[in-house]
>>> print(open('entry_1.pdb').read())   # PDB, C-alpha atoms, pLDDT in the B column
ATOM      1  CA  ALA A 240      -3.172  -9.568 -13.704  1.00 40.00           C
ATOM      2  CA  ALA A 241      -0.858  -7.239 -15.555  1.00 36.00           C
ATOM      3  CA  ARG A 242       2.812  -8.169 -15.844  1.00 39.00           C
ATOM      4  CA  PHE A 243       5.137  -5.609 -14.266  1.00 38.00           C
ATOM      5  CA  ASP A 244       8.030  -4.292 -16.303  1.00 41.00           C
ATOM      6  CA  PRO A 245      10.076  -1.880 -14.155  1.00 40.00           C
ATOM      7  CA  ARG A 246      11.167   0.274 -17.066  1.00 41.00           C
ATOM      8  CA  MET A 247      10.204   3.917 -17.041  1.00 35.00           C
ATOM      9  CA  ASP A 248       8.755   6.226 -19.652  1.00 34.00           C
ATOM     10  CA  TRP A 249      10.523   9.541 -19.107  1.00 24.00           C
ATOM     11  CA  SER A 250       9.140  11.215 -22.213  1.00 26.00           C
ATOM     12  CA  GLY A 251       5.915  12.497 -20.668  1.00 26.00           C
ATOM     13  CA  ALA A 252       5.430  15.790 -18.872  1.00 20.00           C
ATOM     14  CA  CYS A 253       4.867  13.980 -15.582  1.00 23.00           C
ATOM     15  CA  HIS A 254       8.374  12.461 -15.838  1.00 25.00           C
ATOM     16  CA  GLY A 255       8.295   8.814 -15.036  1.00 30.00           C
ATOM     17  CA  GLY A 256       5.355   6.407 -15.333  1.00 33.00           C
ATOM     18  CA  LEU A 257       5.372   2.654 -14.945  1.00 36.00           C
ATOM     19  CA  ILE A 258       5.063   0.540 -18.076  1.00 33.00           C
ATOM     20  CA  LEU A 259       2.984  -2.417 -16.985  1.00 30.00           C
ATOM     21  CA  SER A 260       2.384  -4.527 -20.052  1.00 28.00           C
ATOM     22  CA  PRO A 261       2.130  -4.004 -23.804  1.00 26.00           C
ATOM     23  CA  THR A 262      -1.328  -5.592 -23.688  1.00 26.00           C
ATOM     24  CA  LEU A 263      -2.776  -2.859 -21.483  1.00 23.00           C
ATOM     25  CA  THR A 264      -4.882  -0.184 -23.150  1.00 27.00           C
ATOM     26  CA  SER A 265      -3.789   2.553 -20.735  1.00 30.00           C
ATOM     27  CA  PRO A 266      -0.880   4.746 -21.887  1.00 31.00           C
ATOM     28  CA  ALA A 267       2.476   4.326 -20.137  1.00 38.00           C
ATOM     29  CA  ARG A 268       2.324   7.302 -17.798  1.00 41.00           C
ATOM     30  CA  PRO A 269       1.850   7.856 -14.060  1.00 40.00           C
ATOM     31  CA  VAL A 270      -1.577   6.746 -12.905  1.00 40.00           C
ATOM     32  CA  PRO A 271      -3.164   9.659 -10.989  1.00 41.00           C
ATOM     33  CA  PHE A 272      -4.869   9.001  -7.704  1.00 44.00           C
ATOM     34  CA  ARG A 273      -8.548   8.292  -8.162  1.00 47.00           C
ATOM     35  CA  ARG A 274     -11.189   6.955  -5.847  1.00 56.00           C
ATOM     36  CA  GLU A 275     -12.157   3.576  -7.202  1.00 60.00           C
ATOM     37  CA  PRO A 276     -13.500   0.282  -5.858  1.00 66.00           C
ATOM     38  CA  ILE A 277     -10.914  -1.820  -4.050  1.00 83.00           C
ATOM     39  CA  ARG A 278     -11.120  -5.523  -4.723  1.00 85.00           C
ATOM     40  CA  LEU A 279      -8.727  -7.882  -2.984  1.00 94.00           C
ATOM     41  CA  GLY A 280      -8.675 -11.414  -4.330  1.00 94.00           C
ATOM     42  CA  PRO A 281      -8.102 -14.698  -2.498  1.00 96.00           C
ATOM     43  CA  ASN A 282      -4.314 -14.299  -2.437  1.00 97.00           C
ATOM     44  CA  TRP A 283      -4.821 -11.503   0.099  1.00 97.00           C
ATOM     45  CA  GLY A 284      -6.619 -13.943   2.414  1.00 97.00           C
ATOM     46  CA  PRO A 285      -3.913 -14.172   5.105  1.00 97.00           C
ATOM     47  CA  MET A 286      -4.165 -10.390   5.543  1.00 98.00           C
ATOM     48  CA  THR A 287      -7.897  -9.825   5.031  1.00 97.00           C
ATOM     49  CA  SER A 288      -8.609 -12.356   7.786  1.00 97.00           C
ATOM     50  CA  ARG A 289      -6.904 -10.085  10.345  1.00 97.00           C
ATOM     51  CA  THR A 290      -8.300  -7.074  12.186  1.00 96.00           C
ATOM     52  CA  GLN A 291      -5.432  -4.749  11.304  1.00 95.00           C
ATOM     53  CA  TRP A 292      -7.057  -2.486   8.712  1.00 95.00           C
ATOM     54  CA  VAL A 293      -7.485   1.277   8.827  1.00 92.00           C
ATOM     55  CA  PRO A 294      -9.209   3.294   6.088  1.00 91.00           C
ATOM     56  CA  TRP A 295      -7.724   6.634   5.036  1.00 90.00           C
ATOM     57  CA  HIS A 296      -8.825   9.770   3.248  1.00 84.00           C
ATOM     58  CA  ALA A 297      -6.873  12.231   1.135  1.00 82.00           C
ATOM     59  CA  HIS A 298      -5.894  15.343   3.078  1.00 77.00           C
ATOM     60  CA  ASN A 299      -3.561  18.149   1.971  1.00 80.00           C
ATOM     61  CA  GLY A 300      -1.789  15.911  -0.492  1.00 78.00           C
ATOM     62  CA  GLY A 301      -1.297  13.118   2.042  1.00 81.00           C
ATOM     63  CA  LYS A 302      -3.147  10.103   3.362  1.00 84.00           C
ATOM     64  CA  MET A 303      -4.727  10.557   6.772  1.00 83.00           C
ATOM     65  CA  PRO A 304      -5.992   7.492   8.682  1.00 86.00           C
ATOM     66  CA  ILE A 305      -9.585   7.411   9.899  1.00 84.00           C
ATOM     67  CA  ASN A 306     -10.486   6.119  13.339  1.00 79.00           C
ATOM     68  CA  ILE A 307     -13.919   4.660  12.715  1.00 75.00           C
ATOM     69  CA  GLY A 308     -14.520   4.099  16.416  1.00 62.00           C
ATOM     70  CA  ALA A 309     -13.909   7.719  17.365  1.00 59.00           C
ATOM     71  CA  ALA A 310     -16.666   9.852  18.832  1.00 52.00           C
ATOM     72  CA  LEU A 311     -18.247  12.613  16.772  1.00 50.00           C
ATOM     73  CA  ASP A 312     -15.922  15.569  16.381  1.00 54.00           C
ATOM     74  CA  ALA A 313     -16.772  19.266  16.664  1.00 56.00           C
ATOM     75  CA  ARG A 314     -18.221  19.235  13.146  1.00 57.00           C
ATOM     76  CA  GLY A 315     -20.478  16.317  13.938  1.00 52.00           C
ATOM     77  CA  ARG A 316     -18.454  13.900  11.865  1.00 55.00           C
ATOM     78  CA  ARG A 317     -17.212  10.482  12.945  1.00 54.00           C
ATOM     79  CA  GLY A 318     -13.789   9.146  12.129  1.00 53.00           C
ATOM     80  CA  GLY A 319     -11.308  11.638  13.527  1.00 53.00           C
ATOM     81  CA  VAL A 320      -7.695  11.321  12.397  1.00 52.00           C
ATOM     82  CA  ARG A 321      -5.312   9.692  14.868  1.00 58.00           C
ATOM     83  CA  THR A 322      -2.277   7.443  15.030  1.00 71.00           C
ATOM     84  CA  THR A 323      -2.531   3.955  13.555  1.00 83.00           C
ATOM     85  CA  ARG A 324      -0.348   2.505  16.323  1.00 79.00           C
ATOM     86  CA  GLU A 325      -3.306   2.150  18.679  1.00 81.00           C
ATOM     87  CA  PRO A 326      -5.113  -1.180  18.198  1.00 87.00           C
ATOM     88  CA  ASP A 327      -8.485   0.385  19.018  1.00 83.00           C
ATOM     89  CA  ALA A 328      -8.238   2.219  15.675  1.00 85.00           C
ATOM     90  CA  TRP A 329      -7.933  -1.047  13.726  1.00 91.00           C
ATOM     91  CA  VAL A 330     -10.935  -2.711  12.129  1.00 91.00           C
ATOM     92  CA  SER A 331     -11.670  -5.745  10.024  1.00 94.00           C
ATOM     93  CA  TYR A 332     -11.156  -5.688   6.281  1.00 95.00           C
ATOM     94  CA  ASP A 333     -14.927  -5.811   5.741  1.00 93.00           C
ATOM     95  CA  ARG A 334     -15.498  -2.831   8.045  1.00 90.00           C
ATOM     96  CA  ALA A 335     -12.795  -0.819   6.299  1.00 90.00           C
ATOM     97  CA  MET A 336     -14.404  -1.586   2.959  1.00 90.00           C
ATOM     98  CA  ILE A 337     -17.769  -0.381   4.254  1.00 87.00           C
ATOM     99  CA  GLN A 338     -16.136   2.940   5.060  1.00 84.00           C
ATOM    100  CA  CYS A 339     -14.969   3.212   1.454  1.00 83.00           C
ATOM    101  CA  ALA A 340     -18.536   2.596   0.276  1.00 78.00           C
ATOM    102  CA  VAL A 341     -20.021   5.541   2.199  1.00 68.00           C
ATOM    103  CA  GLN A 342     -21.401   7.905  -0.402  1.00 54.00           C
ATOM    104  CA  ASP A 343     -20.666  11.614  -0.222  1.00 49.00           C
ATOM    105  CA  GLY A 344     -23.656  13.497   1.075  1.00 45.00           C
ATOM    106  CA  THR A 345     -25.568  10.440   2.304  1.00 48.00           C
ATOM    107  CA  ASP A 346     -24.377  10.359   5.901  1.00 50.00           C
ATOM    108  CA  LYS A 347     -22.510  13.382   7.237  1.00 49.00           C
ATOM    109  CA  SER A 348     -21.615  11.571  10.460  1.00 48.00           C
ATOM    110  CA  TYR A 349     -19.042   9.525   8.566  1.00 53.00           C
ATOM    111  CA  THR A 350     -15.845  10.508   6.793  1.00 66.00           C
ATOM    112  CA  ARG A 351     -15.712   8.991   3.324  1.00 73.00           C
ATOM    113  CA  ALA A 352     -12.600   6.869   2.928  1.00 84.00           C
ATOM    114  CA  ASP A 353     -10.507   7.124  -0.219  1.00 87.00           C
ATOM    115  CA  GLY A 354      -8.649   3.897   0.434  1.00 91.00           C
ATOM    116  CA  ILE A 355      -7.555   1.337   2.986  1.00 94.00           C
ATOM    117  CA  GLY A 356      -4.291   0.311   4.571  1.00 95.00           C
ATOM    118  CA  PHE A 357      -2.830  -2.427   6.723  1.00 96.00           C
ATOM    119  CA  VAL A 358      -1.006  -2.015  10.039  1.00 95.00           C
ATOM    120  CA  LEU A 359       2.033  -4.273  10.257  1.00 95.00           C
ATOM    121  CA  THR A 360       2.825  -5.472  13.782  1.00 93.00           C
ATOM    122  CA  LYS A 361       5.456  -7.604  15.489  1.00 89.00           C
ATOM    123  CA  ASP A 362       2.780 -10.255  16.078  1.00 92.00           C
ATOM    124  CA  ASP A 363       2.170 -10.963  12.400  1.00 95.00           C
ATOM    125  CA  PRO A 364       4.543 -12.539   9.840  1.00 95.00           C
ATOM    126  CA  PHE A 365       4.077  -9.976   7.075  1.00 96.00           C
ATOM    127  CA  VAL A 366       6.511  -7.601   5.412  1.00 95.00           C
ATOM    128  CA  CYS A 367       6.022  -4.939   2.755  1.00 95.00           C
ATOM    129  CA  ILE A 368       8.765  -3.731   0.423  1.00 94.00           C
ATOM    130  CA  ASP A 369       7.835  -0.254  -0.757  1.00 92.00           C
ATOM    131  CA  LEU A 370       9.579   0.899  -3.939  1.00 90.00           C
ATOM    132  CA  ASP A 371       9.225   4.614  -4.624  1.00 85.00           C
ATOM    133  CA  ILE A 372      10.006   4.367  -8.335  1.00 76.00           C
ATOM    134  CA  LYS A 373       9.432   8.067  -9.035  1.00 70.00           C
ATOM    135  CA  LYS A 374      12.646   8.887  -7.156  1.00 65.00           C
ATOM    136  CA  ILE A 375      14.806   6.849  -9.505  1.00 66.00           C
ATOM    137  CA  ASP A 376      17.071   8.382 -12.127  1.00 66.00           C
ATOM    138  CA  GLU A 377      16.820   6.235 -15.234  1.00 67.00           C
ATOM    139  CA  THR A 378      20.550   6.585 -15.911  1.00 67.00           C
ATOM    140  CA  SER A 379      21.580   5.348 -12.460  1.00 69.00           C
ATOM    141  CA  GLY A 380      22.139   1.826 -11.217  1.00 74.00           C
ATOM    142  CA  GLN A 381      19.026   2.141  -9.068  1.00 75.00           C
ATOM    143  CA  MET A 382      16.804   1.190 -12.015  1.00 75.00           C
ATOM    144  CA  GLN A 383      18.577  -2.135 -12.379  1.00 79.00           C
ATOM    145  CA  LEU A 384      18.340  -2.674  -8.617  1.00 83.00           C
ATOM    146  CA  ALA A 385      14.579  -2.009  -8.674  1.00 81.00           C
ATOM    147  CA  ARG A 386      14.207  -4.513 -11.496  1.00 80.00           C
ATOM    148  CA  LEU A 387      16.182  -7.142  -9.593  1.00 86.00           C
ATOM    149  CA  VAL A 388      14.207  -6.611  -6.377  1.00 88.00           C
ATOM    150  CA  ILE A 389      10.879  -7.137  -8.150  1.00 86.00           C
ATOM    151  CA  GLN A 390      12.134 -10.156 -10.062  1.00 86.00           C
ATOM    152  CA  HIS A 391      13.704 -11.763  -6.994  1.00 88.00           C
ATOM    153  CA  CYS A 392      10.766 -11.262  -4.596  1.00 89.00           C
ATOM    154  CA  GLU A 393       8.350 -13.751  -6.096  1.00 88.00           C
ATOM    155  CA  SER A 394       5.352 -12.625  -4.078  1.00 95.00           C
ATOM    156  CA  LEU A 395       2.211 -10.569  -4.489  1.00 95.00           C
ATOM    157  CA  CYS A 396       2.869  -7.127  -6.021  1.00 94.00           C
ATOM    158  CA  GLU A 397       0.614  -4.099  -6.428  1.00 93.00           C
ATOM    159  CA  LEU A 398       0.828  -0.513  -7.608  1.00 89.00           C
ATOM    160  CA  SER A 399       0.991   2.254  -5.031  1.00 88.00           C
ATOM    161  CA  PRO A 400      -1.898   4.764  -4.845  1.00 86.00           C
ATOM    162  CA  SER A 401      -0.012   7.202  -7.110  1.00 80.00           C
ATOM    163  CA  GLY A 402       0.714   4.527  -9.688  1.00 79.00           C
ATOM    164  CA  LYS A 403       4.387   5.551  -9.603  1.00 76.00           C
ATOM    165  CA  GLY A 404       5.542   3.000  -7.076  1.00 83.00           C
ATOM    166  CA  ALA A 405       5.136  -0.628  -6.120  1.00 89.00           C
ATOM    167  CA  HIS A 406       4.403  -2.626  -2.981  1.00 94.00           C
ATOM    168  CA  ILE A 407       5.662  -6.193  -2.624  1.00 95.00           C
ATOM    169  CA  TRP A 408       3.771  -8.058   0.113  1.00 97.00           C
ATOM    170  CA  GLY A 409       5.074 -11.271   1.627  1.00 96.00           C
ATOM    171  CA  TYR A 410       6.235 -13.137   4.718  1.00 95.00           C
ATOM    172  CA  LEU A 411       9.297 -12.577   6.885  1.00 92.00           C
ATOM    173  CA  HIS A 412       9.756 -15.371   9.431  1.00 90.00           C
ATOM    174  CA  ASP A 413      13.484 -15.154  10.189  1.00 90.00           C
ATOM    175  CA  PRO A 414      13.705 -13.683  13.729  1.00 89.00           C
ATOM    176  CA  HIS A 415      17.300 -12.497  13.231  1.00 87.00           C
ATOM    177  CA  LEU A 416      16.394 -10.612  10.060  1.00 85.00           C
ATOM    178  CA  ARG A 417      13.304  -9.149  11.705  1.00 86.00           C
ATOM    179  CA  ALA A 418      15.458  -7.927  14.588  1.00 85.00           C
ATOM    180  CA  LEU A 419      17.948  -6.409  12.157  1.00 82.00           C
ATOM    181  CA  ILE A 420      15.236  -4.494  10.303  1.00 81.00           C
ATOM    182  CA  GLY A 421      13.544  -3.363  13.501  1.00 78.00           C
ATOM    183  CA  SER A 422      10.414  -1.239  13.644  1.00 69.00           C
ATOM    184  CA  ALA A 423       9.020   1.420  11.347  1.00 60.00           C
ATOM    185  CA  ARG A 424      10.758   1.966   8.009  1.00 68.00           C
ATOM    186  CA  TYR A 425      14.125   0.520   7.071  1.00 70.00           C
ATOM    187  CA  GLY A 426      15.411   2.569   4.139  1.00 79.00           C
ATOM    188  CA  VAL A 427      17.648   1.149   1.419  1.00 81.00           C
ATOM    189  CA  CYS A 428      19.345   3.072  -1.393  1.00 78.00           C
ATOM    190  CA  GLY A 429      17.082   6.095  -1.052  1.00 78.00           C
ATOM    191  CA  PHE A 430      14.016   4.639  -2.771  1.00 85.00           C
ATOM    192  CA  ILE A 431      13.267   1.321  -1.039  1.00 89.00           C
ATOM    193  CA  ASP A 432      11.558   1.041   2.356  1.00 90.00           C
ATOM    194  CA  ILE A 433      11.190  -2.284   4.160  1.00 91.00           C
ATOM    195  CA  LEU A 434       8.115  -2.168   6.385  1.00 92.00           C
ATOM    196  CA  GLN A 435       7.862  -4.788   9.116  1.00 90.00           C
ATOM    197  CA  TYR A 436       6.027  -3.575  12.210  1.00 86.00           C
ATOM    198  CA  ARG A 437       4.781  -0.444  13.954  1.00 86.00           C
ATOM    199  CA  VAL A 438       4.033   0.972  10.533  1.00 90.00           C
ATOM    200  CA  TYR A 439       0.979   1.540   8.322  1.00 92.00           C
ATOM    201  CA  ALA A 440       1.009   0.816   4.588  1.00 94.00           C
ATOM    202  CA  THR A 441      -1.670   1.557   2.016  1.00 94.00           C
ATOM    203  CA  VAL A 442      -3.210  -1.282   0.031  1.00 96.00           C
ATOM    204  CA  THR A 443      -4.665  -0.569  -3.414  1.00 93.00           C
ATOM    205  CA  GLY A 444      -5.461  -4.013  -4.796  1.00 93.00           C
ATOM    206  CA  ARG A 445      -4.162  -2.850  -8.197  1.00 93.00           C
ATOM    207  CA  VAL A 446      -2.158  -6.025  -8.577  1.00 92.00           C
ATOM    208  CA  PHE A 447       0.357  -6.632 -11.354  1.00 88.00           C
ATOM    209  CA  ARG A 448       1.598  -9.978  -9.998  1.00 91.00           C
ATOM    210  CA  ASP A 449      -1.328 -11.852  -8.483  1.00 93.00           C
ATOM    211  CA  VAL A 450       0.319 -14.768  -6.700  1.00 95.00           C
ATOM    212  CA  PRO A 451       0.113 -16.062  -3.115  1.00 95.00           C
ATOM    213  CA  LEU A 452       2.131 -14.328  -0.428  1.00 95.00           C
ATOM    214  CA  PHE A 453       5.608 -15.823  -0.348  1.00 90.00           C
TER     215      PHE A 453
END
>>> encode(input="entry_1.pdb", output="structure tokens")
Amino acid sequence: AARFDPRMDWSGACHGGLILSPTLTSPARPVPFRREPIRLGPNWGPMTSRTQWVPWHAHNGGKMPINIGAALDARGRRGGVRTTREPDAWVSYDRAMIQCAVQDGTDKSYTRADGIGFVLTKDDPFVCIDLDIKKIDETSGQMQLARLVIQHCESLCELSPSGKGAHIWGYLHDPHLRALIGSARYGVCGFIDILQYRVYATVTGRVFRDVPLF
């Protein structure tokens, strides 16, 4: 796995890519979204064993969830977009991966997924810290804070779909802290979201710290 270095390269036209490791062959610039195979290793096991996955497809610059169990829509396609808060829209990790493998033009009754995501609930122990690095001004103290957050949270870390952010996945067992954070997104300092339950987070598998959930 690549080692994450939360410094930024502000010299490029795209203004702000993540420098992962000097051993990587890719240039230090934002990684554009691209449809590519998703491979989650054994450290994702506590999450891949749960039926809390929802595939998504790119739509108008956003990520729209796909309800695999939905009936055919007016265009004769399956997988209408709907909220991820309904458990009947959740599927197993394997089923979500099958949706990503659907080839364009081979089966028009299915919507091809561009990626997958995980629905965090109050009944699971997981938490996701979402760092939107592209919002950070290099000259501000936020850069140092982002560096400290990633260094302190010694858990599994991956790149976001855009390549300009990071997701730290781990456990949160403390009931008092969970109650303090509450549902949906808990924003910190304008570029950090703590996701605990009643929220959907994308999973890319583009890991830069491949360690067990902590």
>>> closest_residue(input="entry_1.pdb", among="A:Val446, A:Leu452, A:Cys428, A:Met382", to="A:Asn282", atoms="all atoms listed in the file")
A:Leu452
>>> closest_residue(input="entry_1.pdb", among="A:Ile372, A:Ile389, A:Leu398, A:Leu359", to="A:Gly444", atoms="all atoms listed in the file")
A:Leu398
>>> closest_residue(input="entry_1.pdb", among="A:His412, A:Arg445, A:Arg437, A:Lys373", to="A:Leu395", atoms="all atoms listed in the file")
A:Arg445
>>> resolve_selection(input="entry_1.pdb", expression="the PyMOL selection byres ((chain A and resi 388) around 12)", output="PyMOL selection string")
chain A and resi 244-245+368-370+372+381-387+389-394+396+405-407+427+430-433
>>> closest_residue(input="entry_1.pdb", among="A:Thr322, A:Ser399, A:Thr360, A:Thr441", to="A:Arg289", atoms="all atoms listed in the file")
A:Thr360
>>> closest_residue(input="entry_1.pdb", among="A:Val330, A:Leu419, A:Val438, A:Met336", to="A:Leu279", atoms="only C-alpha atoms")
A:Met336
>>> atom_distance(input="entry_1.pdb", atom1="atom CA of A:Phe453", atom2="atom CA of A:Pro400")
22.4 Å
